[in-house]
Structures are given as C-alpha cells and as structure tokens.
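Novice: For reference, the file coords.cif (mmCIF, C-alpha atoms) is included below:
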```cif
data_run
#
loop_
_atom_site.group_PDB
_atom_site.id
_atom_site.type_symbol
_atom_site.label_atom_id
_atom_site.label_comp_id
_atom_site.auth_asym_id
_atom_site.auth_seq_id
_atom_site.Cartn_x
_atom_site.Cartn_y
_atom_site.Cartn_z
ATOM 1 C CA MET A 1 -74.731 41.698 58.710
ATOM 2 C CA ARG A 2 -72.568 44.004 56.587
ATOM 3 C CA GLN A 3 -68.843 43.726 57.265
ATOM 4 C CA TYR A 4 -66.768 46.921 57.457
ATOM 5 C CA SER A 5 -63.063 47.329 57.072
ATOM 6 C CA ALA A 6 -61.141 48.152 60.246
ATOM 7 C CA ASP A 7 -58.738 50.374 58.263
ATOM 8 C CA LEU A 8 -59.697 53.928 59.199
ATOM 9 C CA THR A 9 -56.622 55.568 57.576
ATOM 10 C CA PRO A 10 -57.694 58.427 55.303
ATOM 11 C CA PRO A 11 -56.894 57.668 51.638
ATOM 12 C CA TRP A 12 -54.548 60.657 51.335
ATOM 13 C CA LYS A 13 -52.409 59.293 54.193
ATOM 14 C CA LYS A 14 -52.010 55.819 52.755
ATOM 15 C CA PRO A 15 -48.681 55.053 51.030
ATOM 16 C CA GLN A 16 -49.063 55.418 47.309
ATOM 17 C CA PRO A 17 -47.931 52.519 45.124
ATOM 18 C CA VAL A 18 -44.540 52.946 43.525
ATOM 19 C CA PRO A 19 -43.153 51.267 40.415
ATOM 20 C CA GLU A 20 -41.112 48.092 40.655
ATOM 21 C CA VAL A 21 -37.885 48.328 38.685
ATOM 22 C CA PRO A 22 -35.608 45.374 37.868
ATOM 23 C CA ALA A 23 -32.154 45.867 39.393
ATOM 24 C CA ASP A 24 -30.427 45.327 36.072
ATOM 25 C CA PRO A 25 -26.629 45.718 35.979
ATOM 26 C CA GLY A 26 -25.629 49.313 35.254
ATOM 27 C CA LEU A 27 -28.844 50.882 36.585
ATOM 28 C CA VAL A 28 -27.920 54.009 38.571
ATOM 29 C CA VAL A 29 -29.961 54.584 41.750
ATOM 30 C CA GLU A 30 -29.647 56.348 45.103
ATOM 31 C CA GLU A 31 -30.264 54.888 48.565
ATOM 32 C CA PRO A 32 -31.979 57.847 50.286
ATOM 33 C CA GLY A 33 -31.091 56.887 53.835
ATOM 34 C CA THR A 34 -27.363 57.230 53.217
ATOM 35 C CA GLY A 35 -27.313 59.335 50.063
ATOM 36 C CA PHE A 36 -25.137 56.670 48.404
ATOM 37 C CA CYS A 37 -25.521 56.797 44.606
ATOM 38 C CA GLY A 38 -24.140 54.151 42.310
ATOM 39 C CA ALA A 39 -24.647 51.622 39.572
ATOM 40 C CA VAL A 40 -25.982 48.124 40.189
ATOM 41 C CA ILE A 41 -23.239 45.545 39.816
ATOM 42 C CA ARG A 42 -24.858 42.589 41.590
ATOM 43 C CA CYS A 43 -28.286 41.479 42.837
ATOM 44 C CA GLU A 44 -28.647 38.333 44.891
ATOM 45 C CA ALA A 45 -30.241 36.849 48.026
ATOM 46 C CA GLY A 46 -32.439 39.850 48.718
ATOM 47 C CA THR A 47 -29.627 42.391 48.410
ATOM 48 C CA VAL A 48 -28.252 44.699 45.766
ATOM 49 C CA THR A 49 -24.643 45.881 45.451
ATOM 50 C CA LEU A 50 -24.002 49.401 44.167
ATOM 51 C CA GLU A 51 -20.730 50.922 42.965
ATOM 52 C CA ASP A 52 -20.210 54.691 43.040
ATOM 53 C CA ARG A 53 -18.070 56.847 40.708
ATOM 54 C CA PHE A 54 -15.001 56.298 42.901
ATOM 55 C CA GLY A 55 -15.279 52.485 42.807
ATOM 56 C CA LYS A 56 -16.661 52.123 46.346
ATOM 57 C CA HIS A 57 -19.142 49.261 46.904
ATOM 58 C CA ARG A 58 -22.138 49.226 49.262
ATOM 59 C CA VAL A 59 -24.666 46.423 49.804
ATOM 60 C CA PHE A 60 -28.318 47.302 50.524
ATOM 61 C CA PRO A 61 -31.413 45.163 51.185
ATOM 62 C CA LEU A 62 -34.068 45.010 48.497
ATOM 63 C CA GLU A 63 -36.777 46.695 50.554
ATOM 64 C CA PRO A 64 -40.026 48.204 49.255
ATOM 65 C CA ARG A 65 -39.698 51.893 48.370
ATOM 66 C CA GLY A 66 -36.013 51.603 49.157
ATOM 67 C CA PHE A 67 -34.378 53.595 46.338
ATOM 68 C CA LEU A 68 -34.578 56.709 44.203
ATOM 69 C CA LEU A 69 -34.397 56.497 40.428
ATOM 70 C CA GLU A 70 -33.965 59.896 38.784
ATOM 71 C CA GLY A 71 -35.395 61.431 41.956
ATOM 72 C CA ARG A 72 -38.489 59.180 42.138
ATOM 73 C CA VAL A 73 -39.101 56.500 44.777
ATOM 74 C CA VAL A 74 -38.999 52.969 43.393
ATOM 75 C CA THR A 75 -38.886 49.413 44.627
ATOM 76 C CA LEU A 76 -35.987 47.444 43.212
ATOM 77 C CA VAL A 77 -36.689 43.808 42.401
ATOM 78 C CA ARG A 78 -34.448 41.022 41.230
ATOM 79 C CA PRO A 79 -33.963 41.100 37.463
ATOM 80 C CA SER A 80 -35.100 38.285 35.242
ATOM 81 C CA SER A 81 -32.804 35.282 34.954
ATOM 82 C CA SER A 82 -31.870 36.429 31.445
ATOM 83 C CA ALA A 83 -30.133 39.524 32.804
ATOM 84 C CA VAL A 84 -26.383 38.913 32.831
ATOM 85 C CA PRO A 85 -24.467 40.581 35.688
ATOM 86 C CA VAL A 86 -21.787 42.729 34.138
ATOM 87 C CA ARG A 87 -19.511 45.343 35.592
ATOM 88 C CA PRO A 88 -20.684 48.795 34.516
ATOM 89 C CA SER A 89 -18.445 50.479 31.966
ATOM 90 C CA ARG A 90 -16.283 53.344 33.152
ATOM 91 C CA THR A 91 -15.271 56.707 31.852
ATOM 92 C CA ALA A 92 -11.622 57.539 31.224
ATOM 93 C CA SER A 93 -11.457 59.114 34.701
ATOM 94 C CA GLY A 94 -12.513 55.846 36.335
ATOM 95 C CA SER A 95 -16.053 56.990 37.128
ATOM 96 C CA VAL A 96 -19.009 54.718 36.487
ATOM 97 C CA ALA A 97 -20.394 55.580 33.062
ATOM 98 C CA VAL A 98 -24.041 56.597 32.839
ATOM 99 C CA PRO A 99 -25.353 55.281 29.500
ATOM 100 C CA GLY A 100 -27.508 57.778 27.648
ATOM 101 C CA ALA A 101 -26.824 60.594 30.103
ATOM 102 C CA ARG A 102 -27.280 64.035 28.611
ATOM 103 C CA ALA A 103 -24.909 66.917 29.162
ATOM 104 C CA ARG A 104 -26.079 69.267 31.877
ATOM 105 C CA VAL A 105 -26.630 72.946 31.145
ATOM 106 C CA ALA A 106 -23.330 74.694 31.897
ATOM 107 C CA ARG A 107 -22.882 75.997 35.418
ATOM 108 C CA ALA A 108 -21.864 79.547 36.159
ATOM 109 C CA GLY A 109 -18.743 78.139 37.803
ATOM 110 C CA ARG A 110 -15.648 77.319 35.782
ATOM 111 C CA ILE A 111 -12.357 75.468 35.903
ATOM 112 C CA TYR A 112 -9.387 77.409 34.541
ATOM 113 C CA VAL A 113 -6.177 75.718 33.391
ATOM 114 C CA GLU A 114 -2.959 77.315 32.186
ATOM 115 C CA GLY A 115 -2.754 76.302 28.553
ATOM 116 C CA ARG A 116 -4.325 74.464 25.659
ATOM 117 C CA HIS A 117 -2.448 71.240 26.347
ATOM 118 C CA ASP A 118 -3.744 71.222 29.929
ATOM 119 C CA ALA A 119 -7.292 71.726 28.666
ATOM 120 C CA GLU A 120 -6.978 68.951 26.091
ATOM 121 C CA LEU A 121 -5.696 66.476 28.683
ATOM 122 C CA VAL A 122 -8.434 67.330 31.180
ATOM 123 C CA GLU A 123 -11.049 66.984 28.443
ATOM 124 C CA LYS A 124 -9.746 63.611 27.316
ATOM 125 C CA VAL A 125 -9.738 62.043 30.784
ATOM 126 C CA TRP A 126 -12.536 63.905 32.599
ATOM 127 C CA GLY A 127 -14.663 65.108 29.672
ATOM 128 C CA ASP A 128 -17.587 62.728 30.265
ATOM 129 C CA ASP A 129 -17.753 63.650 33.946
ATOM 130 C CA LEU A 130 -17.547 67.375 33.228
ATOM 131 C CA ARG A 131 -20.391 67.274 30.689
ATOM 132 C CA ILE A 132 -22.667 65.422 33.109
ATOM 133 C CA GLU A 133 -21.842 67.959 35.830
ATOM 134 C CA GLY A 134 -22.154 70.946 33.465
ATOM 135 C CA VAL A 135 -18.611 72.184 34.112
ATOM 136 C CA VAL A 136 -16.770 74.194 31.454
ATOM 137 C CA VAL A 137 -12.956 74.199 31.298
ATOM 138 C CA GLU A 138 -11.153 77.238 29.873
ATOM 139 C CA TYR A 139 -7.441 77.895 29.400
ATOM 140 C CA LEU A 140 -5.708 81.133 30.332
ATOM 141 C CA GLY A 141 -2.409 81.138 28.453
ATOM 142 C CA GLY A 142 -0.483 81.479 31.736
ATOM 143 C CA VAL A 143 -1.208 82.527 35.306
ATOM 144 C CA ASP A 144 0.873 85.690 35.721
ATOM 145 C CA ASP A 145 -2.311 87.775 35.996
ATOM 146 C CA LEU A 146 -4.290 85.194 37.988
ATOM 147 C CA PRO A 147 -5.330 87.459 40.917
ATOM 148 C CA SER A 148 -6.890 90.023 38.566
ATOM 149 C CA ILE A 149 -8.480 87.255 36.475
ATOM 150 C CA VAL A 150 -10.115 85.822 39.591
ATOM 151 C CA ALA A 151 -11.259 89.291 40.659
ATOM 152 C CA ASP A 152 -12.845 89.867 37.237
ATOM 153 C CA PHE A 153 -14.616 86.491 37.444
ATOM 154 C CA ALA A 154 -15.973 87.446 40.897
ATOM 155 C CA PRO A 155 -16.541 83.918 42.220
ATOM 156 C CA GLY A 156 -19.440 83.378 44.592
ATOM 157 C CA PRO A 157 -21.558 80.604 46.140
ATOM 158 C CA ASP A 158 -23.369 79.992 42.832
ATOM 159 C CA ALA A 159 -20.349 80.620 40.593
ATOM 160 C CA ARG A 160 -17.391 78.813 42.083
ATOM 161 C CA LEU A 161 -14.007 78.917 40.396
ATOM 162 C CA GLY A 162 -11.274 76.294 40.308
ATOM 163 C CA VAL A 163 -7.798 76.870 38.888
ATOM 164 C CA LEU A 164 -5.187 74.244 37.945
ATOM 165 C CA VAL A 165 -1.617 75.568 38.036
ATOM 166 C CA ASP A 166 1.569 73.962 36.702
ATOM 167 C CA HIS A 167 4.688 73.771 38.903
ATOM 168 C CA LEU A 168 2.834 74.667 42.090
ATOM 169 C CA VAL A 169 5.598 74.013 44.622
ATOM 170 C CA PRO A 170 6.545 76.074 47.690
ATOM 171 C CA GLY A 171 8.720 79.063 46.817
ATOM 172 C CA SER A 172 8.019 79.022 43.078
ATOM 173 C CA LYS A 173 6.665 82.006 41.161
ATOM 174 C CA GLU A 174 3.440 80.069 40.634
ATOM 175 C CA TRP A 175 3.164 79.469 44.375
ATOM 176 C CA ARG A 176 3.423 83.180 45.152
ATOM 177 C CA ILE A 177 0.793 84.000 42.527
ATOM 178 C CA ALA A 178 -1.594 81.359 43.887
ATOM 179 C CA GLU A 179 -1.130 82.682 47.432
ATOM 180 C CA ALA A 180 -2.427 86.070 46.261
ATOM 181 C CA VAL A 181 -5.857 84.545 45.436
ATOM 182 C CA THR A 182 -7.933 84.875 48.599
ATOM 183 C CA SER A 183 -11.566 84.392 47.553
ATOM 184 C CA GLU A 184 -13.287 81.714 49.651
ATOM 185 C CA HIS A 185 -15.151 80.609 46.519
ATOM 186 C CA ALA A 186 -12.003 80.128 44.429
ATOM 187 C CA LEU A 187 -9.756 77.082 44.801
ATOM 188 C CA VAL A 188 -6.251 77.089 43.313
ATOM 189 C CA VAL A 189 -4.510 73.717 43.211
ATOM 190 C CA GLY A 190 -1.769 72.318 41.055
ATOM 191 C CA HIS A 191 0.877 69.721 40.468
ATOM 192 C CA PRO A 192 4.675 69.795 40.863
ATOM 193 C CA TYR A 193 5.509 69.366 37.191
ATOM 194 C CA ILE A 194 7.019 72.145 35.087
ATOM 195 C CA ASP A 195 4.640 71.310 32.250
ATOM 196 C CA ILE A 196 1.502 69.190 31.880
ATOM 197 C CA TRP A 197 3.446 66.808 29.602
ATOM 198 C CA GLU A 198 5.312 65.613 32.684
ATOM 199 C CA ALA A 199 2.057 64.597 34.383
ATOM 200 C CA VAL A 200 1.752 61.774 31.834
ATOM 201 C CA LYS A 201 3.485 58.664 33.135
ATOM 202 C CA PRO A 202 6.740 58.006 31.231
ATOM 203 C CA SER A 203 5.800 54.347 30.774
ATOM 204 C CA SER A 204 2.634 55.399 28.918
ATOM 205 C CA VAL A 205 4.736 57.370 26.446
ATOM 206 C CA GLY A 206 7.318 54.618 26.047
ATOM 207 C CA ILE A 207 10.232 56.305 27.834
ATOM 208 C CA ASP A 208 12.067 55.517 31.067
ATOM 209 C CA ALA A 209 11.738 59.023 32.502
ATOM 210 C CA TRP A 210 11.153 62.625 31.507
ATOM 211 C CA PRO A 211 14.545 64.275 30.853
ATOM 212 C CA ARG A 212 15.919 67.020 33.080
ATOM 213 C CA VAL A 213 16.155 70.270 31.144
ATOM 214 C CA PRO A 214 18.783 72.831 32.257
ATOM 215 C CA HIS A 215 17.400 75.980 33.836
ATOM 216 C CA GLY A 216 16.876 78.752 31.322
ATOM 217 C CA GLN A 217 16.018 76.462 28.396
ATOM 218 C CA ASP A 218 12.507 76.044 27.033
ATOM 219 C CA TRP A 219 11.313 72.876 28.713
ATOM 220 C CA LYS A 220 9.343 71.373 25.811
ATOM 221 C CA THR A 221 12.131 72.056 23.316
ATOM 222 C CA GLY A 222 14.731 70.595 25.657
ATOM 223 C CA VAL A 223 12.666 67.456 26.202
ATOM 224 C CA CYS A 224 12.213 66.934 22.477
ATOM 225 C CA ARG A 225 15.940 67.331 21.815
ATOM 226 C CA ALA A 226 16.879 64.946 24.610
ATOM 227 C CA LEU A 227 14.463 62.281 23.386
ATOM 228 C CA GLY A 228 15.115 62.728 19.668
ATOM 229 C CA TRP A 229 11.661 64.138 18.988
ATOM 230 C CA PRO A 230 11.227 67.032 16.509
ATOM 231 C CA PRO A 231 11.801 70.179 18.639
ATOM 232 C CA GLU A 232 10.506 72.490 15.917
ATOM 233 C CA ASN A 233 6.956 71.137 16.235
ATOM 234 C CA THR A 234 6.099 70.642 19.895
ATOM 235 C CA GLY A 235 2.393 70.812 19.034
ATOM 236 C CA ALA A 236 2.643 67.631 16.953
ATOM 237 C CA VAL A 237 4.702 65.968 19.683
ATOM 238 C CA TRP A 238 2.013 66.792 22.236
ATOM 239 C CA GLN A 239 -0.683 65.271 20.064
ATOM 240 C CA ALA A 240 1.366 62.074 19.885
ATOM 241 C CA ILE A 241 1.713 62.095 23.679
ATOM 242 C CA LEU A 242 -2.003 62.759 24.154
ATOM 243 C CA ALA A 243 -2.850 59.845 21.859
ATOM 244 C CA ARG A 244 -1.062 57.539 24.310
ATOM 245 C CA VAL A 245 -3.315 58.595 27.178
ATOM 246 C CA GLY A 246 -6.270 56.243 27.399
ATOM 247 C CA SER A 247 -7.454 56.819 30.966
ATOM 248 C CA TYR A 248 -6.539 58.094 34.412
ATOM 249 C CA LYS A 249 -4.136 55.142 34.723
ATOM 250 C CA ASP A 250 -1.761 56.933 32.341
ATOM 251 C CA LEU A 251 -1.484 60.007 34.592
ATOM 252 C CA GLU A 252 0.489 60.745 37.747
ATOM 253 C CA PRO A 253 -1.464 60.739 41.047
ATOM 254 C CA GLU A 254 -0.551 64.367 41.792
ATOM 255 C CA LEU A 255 -2.560 65.523 38.781
ATOM 256 C CA LEU A 256 -5.461 63.142 39.398
ATOM 257 C CA GLY A 257 -6.006 64.359 42.930
ATOM 258 C CA SER A 258 -5.879 68.023 41.950
ATOM 259 C CA VAL A 259 -8.409 67.729 39.123
ATOM 260 C CA GLU A 260 -10.814 65.699 41.275
ATOM 261 C CA ARG A 261 -10.596 68.385 43.989
ATOM 262 C CA LEU A 262 -11.422 71.086 41.439
ATOM 263 C CA ILE A 263 -14.448 69.192 40.106
ATOM 264 C CA ASP A 264 -15.735 68.633 43.646
ATOM 265 C CA HIS A 265 -15.200 72.317 44.491
ATOM 266 C CA VAL A 266 -17.009 73.671 41.438
ATOM 267 C CA THR A 267 -19.946 71.259 41.720
ATOM 268 C CA VAL A 268 -20.762 71.883 45.396
ATOM 269 C CA SER A 269 -24.465 72.706 45.526
#
```
Can you dump the structure from the file as structure tokens?

Specialist:
Amino acid sequence: MRQYSADLTPPWKKPQPVPEVPADPGLVVEEPGTGFCGAVIRCEAGTVTLEDRFGKHRVFPLEPRGFLLEGRVVTLVRPSSSAVPVRPSRTASGSVAVPGARARVARAGRIYVEGRHDAELVEKVWGDDLRIEGVVVEYLGGVDDLPSIVADFAPGPDARLGVLVDHLVPGSKEWRIAEAVTSEHALVVGHPYIDIWEAVKPSSVGIDAWPRVPHGQDWKTGVCRALGWPPENTGAVWQAILARVGSYKDLEPELLGSVERLIDHVTVS
C-alpha cells in the first residue's frame, strides 16, 4: 500500500528556508520583536549578546529565523571555534562602527551650526555617524538672522532642520533668537559656552580651565592672550585644539547631548 504524507499544508504557506549566518563578533543585526539593532559582542550557550550605538547590551536566544540582517530574515548560529570574540570598534562619537558601511544619499534635512569651527568639531566626532545617516552639516556664520533662515529652509516632515547655537542660556541674545523659531519640524538646541572652543574639556587641551574674558573683548583673542597663545592667528590655535580632540570623551556633556538630540531629530523617519 502506498504511503502518503499527512502534511496537507500548501507549499506556498510553508516557511521558506532562510540562510544560517555565523554570529561573528562585529556583525550588525536587528531583533525584529524588539527592534533592537546592534553588533554581536558575544555568542555562547545558545544566546547572543548585541551592543547598540549607545553602548547598551541585550541578550537574545539563538532561535531559528530570529534576526534581520540588512533587512532579510536569517538564523544566527554559533561561529566556528576559530572566531575570536572581540569588542566591536567604535566611532569617535562612541557609536558602534559598521565596517564597510557606505555613506547614505544625503537627506533633505540638515543640521546648521554657527561657524566653521563648530562644523569642524562636529565632523571630527560625529562624521562617521552623519555619513551613515545621510545628514549634511552646514555653518551659518552666526545666528542673528536665524528665524528668516529657517523660514527660507521651510522645514517639513521629510526635511527636518536642526540648529546648534552657542551660548544658549536663558536671557541671552541667542536665547531670544532661538525662541523666535516656531516650526514644529525645526529643533534649536545649544550649549552654554560662549564659543565652541570652550566645549572642549580643558584637560584635553592641557590647561586647568578656560580663562574668563572680560565683557566687551573678543573671546578667542582674550583666551589666547591669557594662555600665551598667538592671538593674531586664532585659526591656527583652533587647529591645534581640534588636533587634541580624539573622541567624544574630550568634549563636555552639554555639547554631546545637544548634538545627539539634533541627529535624532533630523533622522526621524
């Protein structure tokens, strides 16, 4: 007598096979149930540990069809014994680096900063993240005309605008200007420092503290004079300061938080 299979499931309803991918250290995957995306840092005893761009760890079971790799469902398996667990490298901002990642096509949204020095510092610390996210940073040369600049940009849901402002403290001129920006798709944040130089930790530059400059004096020139740096070439002094910045650890928390907020704002889907 001929034997028949008891499986009456139509072929098109049967789960399709998915590739098995070794959970090698540094592999970036997403757990679809939680949306958690991170790099593999450990794989053991039927579990895998992921680390996201903010350094947060989550442990997940190695279940069939349990992860997304570049948007495709995969089954993670334990890597071969020759794979050495290593901590994934990080960008200067502290995010998990994505080896071989290509820059994304630039978004319509932008991040505006006040001056060239601001732009150079943001690029040095967050440049890798910004290229992956497709975010362009432009400098304005001051924010006196910020409300009209925002109006000309015409931010919207698909073209969000973020602005980083120096010396954004209650009652300051910069504060009043920022308050005049009312678009729901524009975010203006800042830091309390008179100039972006001051957002670099003094210890990273090799000084005890940034000098106090009397009101009415040019801040950069006053700082250079107080510290014995050449006041006639503040551009060269800035390049020397910038060279001492290796990562987010060299910057004050007030600046770090503001830039991260701007990146999150501009990259909201």

Novice: Evaluate the PyMOL selection byres ((chain A and resi 31) around 12) here and jot the selected residues down as a VMD selection string.

Specialist: chain A and resid 28 to 30 32 to 40 48 to 52 58 to 76

Novice: Write out, as a tab-separated table, each residue of segment 195-226 of chain A that has an atom at most 12 Å from segment 242-248 of chain A, together with the closest pair of atoms and their distance in Å to one decimal, counting only C-alpha atoms, rows going by chain and rising number.

Specialist:
```
residue	atom	partner	partner_atom	distance
A:Ile196	CA	A:Leu242	CA	10.6
A:Trp197	CA	A:Leu242	CA	8.7
A:Glu198	CA	A:Leu242	CA	11.6
A:Ala199	CA	A:Tyr248	CA	10.8
A:Val200	CA	A:Val245	CA	7.6
A:Lys201	CA	A:Val245	CA	9.0
A:Pro202	CA	A:Arg244	CA	10.4
A:Ser203	CA	A:Arg244	CA	10.0
A:Ser204	CA	A:Arg244	CA	6.3
A:Val205	CA	A:Arg244	CA	6.2
A:Gly206	CA	A:Arg244	CA	9.0
A:Ile207	CA	A:Arg244	CA	11.9
```

Novice: Starting from the displayed file, determine the output of the PyMOL selection byres ((chain A and resi 134-147) around 6) and express the residue list as JSON, numbers by chain.

Specialist: {"A": [104, 105, 106, 107, 110, 111, 112, 113, 114, 115, 116, 130, 131, 132, 133, 148, 149, 150, 181]}

Novice: Once the PyMOL selection byres ((chain A and resi 21) around 9) has been applied to the shown file, what residues remain in the selection, as a list in words?

Specialist: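 Output of the PyMOL selection byres ((chain A and resi 21) around 9): Pro19, Glu20, Pro22, Ala23, Asp24, Val74, Thr75, Leu76, Val77, Arg78 and Pro79 of chain A.
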
Novice: Which residue out of A:His191, A:Arg42, A:His215, A:His185 has the minimum interatomic distance to Ser258 of chain A when all atoms listed in the file are used?

Specialist: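 The answer is A:His191, which sits nearest to Ser258 of chain A.
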
Novice: State, in Å with one decimal place, the distance from atom CA of His117 of chain A to atom CA of Trp238 of chain A.

Specialist: 7.5 Å

Novice: Which value, in Å to one decimal, gives the distance between atom CA of Pro214 of chain A and atom CA of Asp195 of chain A?

Specialist: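 Atom CA of Pro214 of chain A sits 14.2 Å away from atom CA of Asp195 of chain A.
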
Novice: Record the distance separating atom CA of Gly55 of chain A and atom CA of Cys43 of chain A, expressed in Å with one decimal.

Specialist: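 Going from atom CA of Gly55 of chain A over to atom CA of Cys43 of chain A, I get 17.0 Å.
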
Novice: Hey, which of A:His265, A:Ala45, A:Asp152, A:Glu120 ends up closest to Glu184 of chain A? Count all atoms listed in the file.

Specialist: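 Selected residue with least distance to Glu184 of chain A: A:His265.
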
Novice: Around all of segment 141-144 of chain A's listed atoms, make the axis-aligned box with 6 Å on each side and tell me centre and edge lengths in Å to one decimal, as AutoDock Vina command-line options.

Specialist:
```
--center_x -0.8 --center_y 83.4 --center_z 32.1 --size_x 15.3 --size_y 16.6 --size_z 19.3
```

Novice: Using all atoms listed in the file, pick whichever of A:Asp158, A:Gln217, A:Ala226, A:Leu255 has the shortest atom-to-atom distance to Asp118 of chain A.

Specialist: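 Closest residue, counting all atoms listed in the file: A:Leu255.
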
Novice: With only C-alpha atoms as the atoms that count, which of A:Asp218, A:Asp208, A:Asp166, A:Asp129 lies nearest to Glu254 of chain A?

Specialist: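 Answer, going by the shortest atom-to-atom distance: A:Asp166.
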
Novice: Given all atoms listed in the file as the basis, pick out the residue of A:Gly109, A:Gly235, A:Arg53, A:Ala151 nearest to Ala180 of chain A.

Specialist: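 Closest residue, counting all atoms listed in the file: A:Ala151.
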
Novice: Find the residues around Cys224 of chain A up to 10 Å (all atoms listed in the file counted), leave out those fewer than 6 positions away in its own chain, and share them as a list in words.

Specialist: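 With the cut-off at 10 Å, the set is Pro211, Pro230, Pro231, Glu232, Asn233, Thr234 and Val237 of chain A.
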
Novice: Write to file, as a compact mmCIF listing (two decimals), keeping the file's coordinate frame, the residues of the selection just made, with C-alpha atoms.

Specialist:
```
# COMPACT_ATOMS: atom_id res chain seq x y z
CA PRO A 211 14.54 64.28 30.85
CA PRO A 230 11.23 67.03 16.51
CA PRO A 231 11.80 70.18 18.64
CA GLU A 232 10.51 72.49 15.92
CA ASN A 233 6.96 71.14 16.24
CA THR A 234 6.10 70.64 19.90
CA VAL A 237 4.70 65.97 19.68
```

Novice: Using only C-alpha atoms for the distances, tell me which of A:Ala119, A:Pro192, A:Thr47, A:Trp229 is nearest to Gly171 of chain A.

Specialist: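 That would be A:Pro192, the residue with the smallest distance to Gly171 of chain A.
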
Novice: At the level of N, CA and C atoms, write segment 161-182 of chain A to a file as a PDB file, in the first residue's frame, please.

Specialist:
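The resulting file, part.pdb, is shown below:
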```pdb
ATOM      1  N   LEU A 161      14.918  70.124  10.218  1.00  0.00           N
ATOM      2  CA  LEU A 161      16.075  71.001  10.408  1.00  0.00           C
ATOM      3  C   LEU A 161      16.471  71.030  11.871  1.00  0.00           C
ATOM      4  N   GLY A 162      17.767  70.891  12.128  1.00  0.00           N
ATOM      5  CA  GLY A 162      18.303  71.033  13.473  1.00  0.00           C
ATOM      6  C   GLY A 162      19.339  72.135  13.492  1.00  0.00           C
ATOM      7  N   VAL A 163      19.359  72.923  14.548  1.00  0.00           N
ATOM      8  CA  VAL A 163      20.285  74.053  14.649  1.00  0.00           C
ATOM      9  C   VAL A 163      21.006  73.999  15.990  1.00  0.00           C
ATOM     10  N   LEU A 164      22.339  74.102  15.946  1.00  0.00           N
ATOM     11  CA  LEU A 164      23.169  74.133  17.154  1.00  0.00           C
ATOM     12  C   LEU A 164      23.621  75.569  17.385  1.00  0.00           C
ATOM     13  N   VAL A 165      23.313  76.106  18.563  1.00  0.00           N
ATOM     14  CA  VAL A 165      23.589  77.510  18.861  1.00  0.00           C
ATOM     15  C   VAL A 165      24.544  77.621  20.047  1.00  0.00           C
ATOM     16  N   ASP A 166      25.559  78.484  19.902  1.00  0.00           N
ATOM     17  CA  ASP A 166      26.476  78.771  21.004  1.00  0.00           C
ATOM     18  C   ASP A 166      25.786  79.670  22.031  1.00  0.00           C
ATOM     19  N   HIS A 167      26.214  79.542  23.298  1.00  0.00           N
ATOM     20  CA  HIS A 167      25.780  80.434  24.375  1.00  0.00           C
ATOM     21  C   HIS A 167      24.253  80.512  24.474  1.00  0.00           C
ATOM     22  N   LEU A 168      23.620  79.346  24.430  1.00  0.00           N
ATOM     23  CA  LEU A 168      22.162  79.296  24.504  1.00  0.00           C
ATOM     24  C   LEU A 168      21.759  79.162  25.973  1.00  0.00           C
ATOM     25  N   VAL A 169      21.689  80.296  26.651  1.00  0.00           N
ATOM     26  CA  VAL A 169      21.311  80.335  28.064  1.00  0.00           C
ATOM     27  C   VAL A 169      20.159  81.322  28.220  1.00  0.00           C
ATOM     28  N   PRO A 170      19.274  81.084  29.193  1.00  0.00           N
ATOM     29  CA  PRO A 170      18.116  81.967  29.362  1.00  0.00           C
ATOM     30  C   PRO A 170      18.521  83.443  29.479  1.00  0.00           C
ATOM     31  N   GLY A 171      17.823  84.284  28.712  1.00  0.00           N
ATOM     32  CA  GLY A 171      18.058  85.718  28.772  1.00  0.00           C
ATOM     33  C   GLY A 171      19.089  86.243  27.798  1.00  0.00           C
ATOM     34  N   SER A 172      19.870  85.337  27.172  1.00  0.00           N
ATOM     35  CA  SER A 172      20.889  85.794  26.231  1.00  0.00           C
ATOM     36  C   SER A 172      20.260  86.182  24.900  1.00  0.00           C
ATOM     37  N   LYS A 173      21.016  86.918  24.097  1.00  0.00           N
ATOM     38  CA  LYS A 173      20.552  87.279  22.754  1.00  0.00           C
ATOM     39  C   LYS A 173      20.242  86.019  21.954  1.00  0.00           C
ATOM     40  N   GLU A 174      21.099  85.016  22.073  1.00  0.00           N
ATOM     41  CA  GLU A 174      20.896  83.772  21.337  1.00  0.00           C
ATOM     42  C   GLU A 174      19.604  83.079  21.771  1.00  0.00           C
ATOM     43  N   TRP A 175      19.293  83.180  23.054  1.00  0.00           N
ATOM     44  CA  TRP A 175      18.065  82.570  23.568  1.00  0.00           C
ATOM     45  C   TRP A 175      16.841  83.211  22.932  1.00  0.00           C
ATOM     46  N   ARG A 176      16.851  84.540  22.862  1.00  0.00           N
ATOM     47  CA  ARG A 176      15.703  85.258  22.290  1.00  0.00           C
ATOM     48  C   ARG A 176      15.538  84.925  20.807  1.00  0.00           C
ATOM     49  N   ILE A 177      16.660  84.805  20.106  1.00  0.00           N
ATOM     50  CA  ILE A 177      16.591  84.445  18.681  1.00  0.00           C
ATOM     51  C   ILE A 177      16.016  83.040  18.510  1.00  0.00           C
ATOM     52  N   ALA A 178      16.493  82.102  19.323  1.00  0.00           N
ATOM     53  CA  ALA A 178      16.016  80.718  19.229  1.00  0.00           C
ATOM     54  C   ALA A 178      14.525  80.627  19.545  1.00  0.00           C
ATOM     55  N   GLU A 179      14.053  81.441  20.487  1.00  0.00           N
ATOM     56  CA  GLU A 179      12.641  81.419  20.856  1.00  0.00           C
ATOM     57  C   GLU A 179      11.746  81.868  19.704  1.00  0.00           C
ATOM     58  N   ALA A 180      12.310  82.623  18.761  1.00  0.00           N
ATOM     59  CA  ALA A 180      11.519  83.114  17.631  1.00  0.00           C
ATOM     60  C   ALA A 180      11.313  82.056  16.555  1.00  0.00           C
ATOM     61  N   VAL A 181      12.005  80.905  16.661  1.00  0.00           N
ATOM     62  CA  VAL A 181      11.838  79.806  15.703  1.00  0.00           C
ATOM     63  C   VAL A 181      10.716  78.908  16.218  1.00  0.00           C
ATOM     64  N   THR A 182       9.634  78.822  15.471  1.00  0.00           N
ATOM     65  CA  THR A 182       8.446  78.117  15.962  1.00  0.00           C
ATOM     66  C   THR A 182       8.045  76.896  15.141  1.00  0.00           C
TER      67      THR A 182
END
```
